[in-house]
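File shown here: final12.cif, holding mmCIF, C-alpha atoms, pLDDT in the B column; chains and numbers go by the auth columns.
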data_start
#
loop_
_atom_site.group_PDB
_atom_site.id
_atom_site.type_symbol
_atom_site.label_atom_id
_atom_site.label_comp_id
_atom_site.label_asym_id
_atom_site.label_seq_id
_atom_site.Cartn_x
_atom_site.Cartn_y
_atom_site.Cartn_z
_atom_site.B_iso_or_equiv
_atom_site.auth_seq_id
_atom_site.auth_asym_id
ATOM 1 C CA MET A 1 -111.720 -26.633 52.185 47.00 99 A
ATOM 2 C CA LEU A 2 -108.037 -25.826 51.820 48.00 100 A
ATOM 3 C CA ILE A 3 -106.073 -27.457 49.024 50.00 101 A
ATOM 4 C CA SER A 4 -102.356 -28.004 49.387 52.00 102 A
ATOM 5 C CA ILE A 5 -100.272 -26.202 46.771 49.00 103 A
ATOM 6 C CA HIS A 6 -98.456 -29.513 46.265 51.00 104 A
ATOM 7 C CA ALA A 7 -101.741 -31.155 45.222 58.00 105 A
ATOM 8 C CA LEU A 8 -102.642 -28.221 42.981 59.00 106 A
ATOM 9 C CA VAL A 9 -99.389 -27.966 41.000 65.00 107 A
ATOM 10 C CA PRO A 10 -99.776 -31.207 38.994 76.00 108 A
ATOM 11 C CA ARG A 11 -103.326 -30.191 38.080 79.00 109 A
ATOM 12 C CA VAL A 12 -102.253 -26.727 36.911 80.00 110 A
ATOM 13 C CA GLU A 13 -99.385 -28.230 34.922 81.00 111 A
ATOM 14 C CA ARG A 14 -101.806 -30.753 33.369 86.00 112 A
ATOM 15 C CA HIS A 15 -104.225 -27.951 32.431 88.00 113 A
ATOM 16 C CA HIS A 16 -101.360 -26.108 30.754 84.00 114 A
ATOM 17 C CA ARG A 17 -100.266 -29.248 28.874 87.00 115 A
ATOM 18 C CA LEU A 18 -103.861 -29.873 27.832 92.00 116 A
ATOM 19 C CA ILE A 19 -104.209 -26.377 26.381 90.00 117 A
ATOM 20 C CA GLU A 20 -100.853 -26.738 24.605 87.00 118 A
ATOM 21 C CA GLU A 21 -101.858 -30.127 23.120 91.00 119 A
ATOM 22 C CA LEU A 22 -105.077 -28.586 21.789 92.00 120 A
ATOM 23 C CA ARG A 23 -103.167 -25.598 20.377 88.00 121 A
ATOM 24 C CA ALA A 24 -100.569 -27.837 18.703 88.00 122 A
ATOM 25 C CA THR A 25 -103.214 -29.845 16.842 88.00 123 A
ATOM 26 C CA ALA A 26 -105.676 -27.028 16.076 86.00 124 A
ATOM 27 C CA PRO A 27 -107.936 -26.767 14.256 86.00 125 A
ATOM 28 C CA ARG A 28 -108.203 -30.574 14.355 88.00 126 A
ATOM 29 C CA ALA A 29 -110.320 -31.826 17.258 92.00 127 A
ATOM 30 C CA LEU A 30 -108.944 -34.502 19.609 94.00 128 A
ATOM 31 C CA SER A 31 -111.011 -37.024 21.542 94.00 129 A
ATOM 32 C CA ALA A 32 -110.836 -37.249 25.329 94.00 130 A
ATOM 33 C CA GLY A 33 -109.225 -40.677 24.889 94.00 131 A
ATOM 34 C CA SER A 34 -106.539 -39.324 22.596 94.00 132 A
ATOM 35 C CA LEU A 35 -105.794 -36.448 24.970 95.00 133 A
ATOM 36 C CA ALA A 36 -105.731 -38.885 27.893 95.00 134 A
ATOM 37 C CA GLY A 37 -103.114 -40.995 26.132 94.00 135 A
ATOM 38 C CA ARG A 38 -100.973 -37.954 25.376 92.00 136 A
ATOM 39 C CA LEU A 39 -101.104 -36.739 28.989 92.00 137 A
ATOM 40 C CA GLY A 40 -100.983 -40.140 30.702 92.00 138 A
ATOM 41 C CA VAL A 41 -104.283 -39.822 32.564 94.00 139 A
ATOM 42 C CA SER A 42 -107.811 -41.217 32.195 94.00 140 A
ATOM 43 C CA ALA A 43 -110.376 -39.864 29.745 94.00 141 A
ATOM 44 C CA ARG A 44 -112.540 -38.934 32.758 95.00 142 A
ATOM 45 C CA THR A 45 -109.695 -36.778 34.139 95.00 143 A
ATOM 46 C CA ILE A 46 -109.460 -35.030 30.751 95.00 144 A
ATOM 47 C CA GLU A 47 -113.226 -34.406 30.757 94.00 145 A
ATOM 48 C CA ARG A 48 -113.037 -32.938 34.290 94.00 146 A
ATOM 49 C CA ASP A 49 -110.050 -30.780 33.334 94.00 147 A
ATOM 50 C CA LEU A 50 -111.808 -29.514 30.205 94.00 148 A
ATOM 51 C CA ALA A 51 -114.903 -28.687 32.268 93.00 149 A
ATOM 52 C CA ASP A 52 -112.677 -26.698 34.655 91.00 150 A
ATOM 53 C CA LEU A 53 -111.061 -24.847 31.758 91.00 151 A
ATOM 54 C CA LEU A 54 -114.438 -24.062 30.180 91.00 152 A
ATOM 55 C CA GLU A 55 -115.721 -22.775 33.521 90.00 153 A
ATOM 56 C CA ALA A 56 -112.647 -20.541 33.747 88.00 154 A
ATOM 57 C CA GLY A 57 -113.462 -19.081 30.327 86.00 155 A
ATOM 58 C CA VAL A 58 -110.901 -20.895 28.170 88.00 156 A
ATOM 59 C CA PRO A 59 -112.408 -21.067 24.649 88.00 157 A
ATOM 60 C CA VAL A 60 -112.462 -24.856 24.241 91.00 158 A
ATOM 61 C CA ILE A 61 -114.807 -26.093 21.518 90.00 159 A
ATOM 62 C CA SER A 62 -116.543 -29.444 21.965 89.00 160 A
ATOM 63 C CA ARG A 63 -117.883 -31.342 18.946 86.00 161 A
ATOM 64 C CA ARG A 64 -119.953 -34.515 19.306 86.00 162 A
ATOM 65 C CA GLY A 65 -120.107 -37.453 16.951 83.00 163 A
ATOM 66 C CA PRO A 66 -117.706 -39.037 14.475 82.00 164 A
ATOM 67 C CA GLY A 67 -114.681 -36.808 13.931 78.00 165 A
ATOM 68 C CA GLY A 68 -115.649 -34.827 16.992 83.00 166 A
ATOM 69 C CA GLY A 69 -113.688 -34.074 20.089 92.00 167 A
ATOM 70 C CA TYR A 70 -112.152 -30.994 21.627 94.00 168 A
ATOM 71 C CA ALA A 71 -110.404 -28.090 19.917 93.00 169 A
ATOM 72 C CA ILE A 72 -109.219 -24.597 20.788 90.00 170 A
ATOM 73 C CA ASP A 73 -108.535 -21.321 19.001 80.00 171 A
ATOM 74 C CA ALA A 74 -104.841 -21.543 18.174 75.00 172 A
ATOM 75 C CA ARG A 75 -103.982 -18.042 17.069 73.00 173 A
ATOM 76 C CA SER A 76 -100.288 -17.391 17.413 69.00 174 A
ATOM 77 C CA VAL A 77 -100.491 -13.826 18.744 76.00 175 A
ATOM 78 C CA LEU A 78 -102.886 -12.165 21.152 76.00 176 A
ATOM 79 C CA PRO A 79 -103.932 -8.541 21.012 84.00 177 A
ATOM 80 C CA PRO A 80 -101.997 -6.225 23.340 88.00 178 A
ATOM 81 C CA LEU A 81 -103.044 -6.558 26.968 86.00 179 A
ATOM 82 C CA ILE A 82 -102.715 -3.983 29.687 89.00 180 A
ATOM 83 C CA PHE A 83 -102.295 -5.135 33.270 88.00 181 A
ATOM 84 C CA THR A 84 -102.106 -3.001 36.377 90.00 182 A
ATOM 85 C CA PRO A 85 -98.937 -3.585 38.421 87.00 183 A
ATOM 86 C CA GLY A 86 -101.078 -5.485 40.924 89.00 184 A
ATOM 87 C CA GLU A 87 -102.484 -7.776 38.236 90.00 185 A
ATOM 88 C CA ALA A 88 -98.997 -8.420 36.850 87.00 186 A
ATOM 89 C CA SER A 89 -97.731 -9.172 40.360 86.00 187 A
ATOM 90 C CA ALA A 90 -100.577 -11.655 40.864 87.00 188 A
ATOM 91 C CA LEU A 91 -99.585 -13.440 37.654 86.00 189 A
ATOM 92 C CA VAL A 92 -95.913 -13.489 38.689 85.00 190 A
ATOM 93 C CA ALA A 93 -96.852 -14.967 42.073 84.00 191 A
ATOM 94 C CA SER A 94 -99.018 -17.606 40.378 80.00 192 A
ATOM 95 C CA LEU A 95 -96.255 -18.609 37.975 79.00 193 A
ATOM 96 C CA ALA A 96 -93.746 -18.730 40.795 78.00 194 A
ATOM 97 C CA ALA A 97 -96.093 -20.921 42.867 74.00 195 A
ATOM 98 C CA VAL A 98 -96.558 -23.558 40.173 70.00 196 A
ATOM 99 C CA GLY A 99 -92.973 -23.437 39.041 67.00 197 A
ATOM 100 C CA PRO A 100 -92.250 -21.530 35.850 58.00 198 A
ATOM 101 C CA ARG A 101 -89.791 -24.189 34.802 63.00 199 A
ATOM 102 C CA ALA A 102 -92.701 -26.433 33.846 63.00 200 A
ATOM 103 C CA SER A 103 -92.594 -25.127 30.282 72.00 201 A
ATOM 104 C CA ALA A 104 -90.763 -22.734 28.029 77.00 202 A
ATOM 105 C CA SER A 105 -94.001 -20.764 27.625 77.00 203 A
ATOM 106 C CA ALA A 106 -94.272 -20.265 31.384 78.00 204 A
ATOM 107 C CA GLN A 107 -90.633 -19.153 31.556 80.00 205 A
ATOM 108 C CA ARG A 108 -91.140 -16.600 28.769 82.00 206 A
ATOM 109 C CA ALA A 109 -94.359 -15.310 30.335 83.00 207 A
ATOM 110 C CA LEU A 110 -92.679 -14.850 33.697 83.00 208 A
ATOM 111 C CA ALA A 111 -89.724 -13.051 32.117 85.00 209 A
ATOM 112 C CA LYS A 112 -92.031 -10.680 30.208 86.00 210 A
ATOM 113 C CA LEU A 113 -94.060 -9.888 33.317 86.00 211 A
ATOM 114 C CA ILE A 114 -90.996 -9.218 35.472 86.00 212 A
ATOM 115 C CA GLU A 115 -89.457 -7.046 32.741 86.00 213 A
ATOM 116 C CA ALA A 116 -92.677 -5.034 32.492 85.00 214 A
ATOM 117 C CA LEU A 117 -92.890 -4.604 36.265 83.00 215 A
ATOM 118 C CA TYR A 118 -89.380 -3.183 36.460 83.00 216 A
ATOM 119 C CA GLN A 119 -89.242 -1.302 33.176 75.00 217 A
ATOM 120 C CA ASP A 120 -88.146 2.322 33.698 66.00 218 A
ATOM 121 C CA GLY A 121 -87.556 1.603 37.345 56.00 219 A
ATOM 122 C CA ALA A 122 -85.090 -0.134 39.575 50.00 220 A
ATOM 123 C CA PRO A 123 -86.084 -3.132 41.677 51.00 221 A
#

Structure encoded using structure tokens:
Amino acid sequence: MLISIHALVPRVERHHRLIEELRATAPRALSAGSLAGRLGVSARTIERDLADLLEAGVPVISRRGPGGGYAIDARSVLPPLIFTPGEASALVASLAAVGPRASASAQRALAKLIEALYQDGAP
């Protein structure tokens, strides 16, 4: 089954917003209903999106019961990562496909990747 890129972009942007909402409120957990209100979608959509993110390996923590909800590790800096030029190119293509203007974080990530691809070389 082929999915149109136009149908995929809002979902990717919503996943990014969801992660950013969790990071902004960490370590406090947010309910699916609260996240739904912040993103303007249903709680069921949030639950599906969180299941997708968990399946992809995003470290979302789920707590049941009163005071429970969803949370994420919100460290401010990641350890250094090393990408091959092919991996970096794949990330650039992905950011370009969903539109890096969706967030300042996406713009900075794209700029860093492009700078790394062309560092010590001429495009």

Query raised in the report: In Å to one decimal, how far is atom CA of Pro183 of chain A from atom CA of Gly155 of chain A?
Result: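 Those two atoms sit 22.7 Å apart.
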
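Non-sequential neighbours of Glu119 of chain A (distance at most 12 Å, separation of 2 or more positions within a chain, only C-alpha atoms) are Arg112, His113, His114, Arg115, Leu116, Ile117, Arg121, Ala122, Thr123, Ala124, Pro125, Arg126, Ala127, Leu128, Ser129, Ala130, Ser132, Leu133, Ala134, Gly135, Arg136, Leu137, Ile144, Val158, Tyr168, Ala169, Ile170, Asp171 and Ala172 of chain A.
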
Query raised in the report: So which one's closest to Lys210 of chain A, A:Arg173, A:Glu145, A:Ala191, A:Ala186? Using all atoms listed in the file, please.
Result: A:Ala186

Query - Counting only C-alpha atoms, the option among A:Ser201, A:Gly184, A:Arg109, A:Gly163 closest to Thr143 of chain A - result: A:Arg109

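Using only C-alpha atoms, the shortest contact distance between Ala188 of chain A and any of A:Val156, A:Leu211, A:Glu118, A:Pro164 is found at A:Leu211.
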
Report task. Find, counting all atoms listed in the file, the residue in A:Ser160, A:Pro108, A:Gly167, A:Leu152 that gets nearest to Val139 of chain A. Result -> A:Pro108

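The closest residue to Ile212 of chain A, picked from A:Ala154, A:Val110, A:Val190, A:Ala195 and counting all atoms listed in the file, is A:Val190.
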
What are the centre and edge lengths in Å, to one decimal, of the axis-aligned box around all listed atoms of segment 148-167 of chain A with 6 Å added on each side, as JSON?
{"center_x": -115.5, "center_y": -29.1, "center_z": 24.3, "size_x": 21.2, "size_y": 32.0, "size_z": 32.7}

Report task. Can you work out the spacing between atom CA of Leu208 of chain A and atom CA of Val196 of chain A in Å, to one decimal? Result ->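 One can read the atom CA of Leu208 of chain A to atom CA of Val196 of chain A distance as 11.5 Å.
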
Report task. Identify which of the residues A:Ala194, A:Gly165, A:Ala214, A:Gln205 lies closest to Thr182 of chain A, counting all atoms listed in the file when measuring atom-to-atom distances. Result ->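 Looking only at the distances to Thr182 of chain A, the closest residue turns out to be A:Ala214.
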
Query raised in the report: Suppose you want the space between atom CA of Leu148 of chain A and atom CA of Ala204 of chain A; what is it in Å?
Result: 19.9 Å
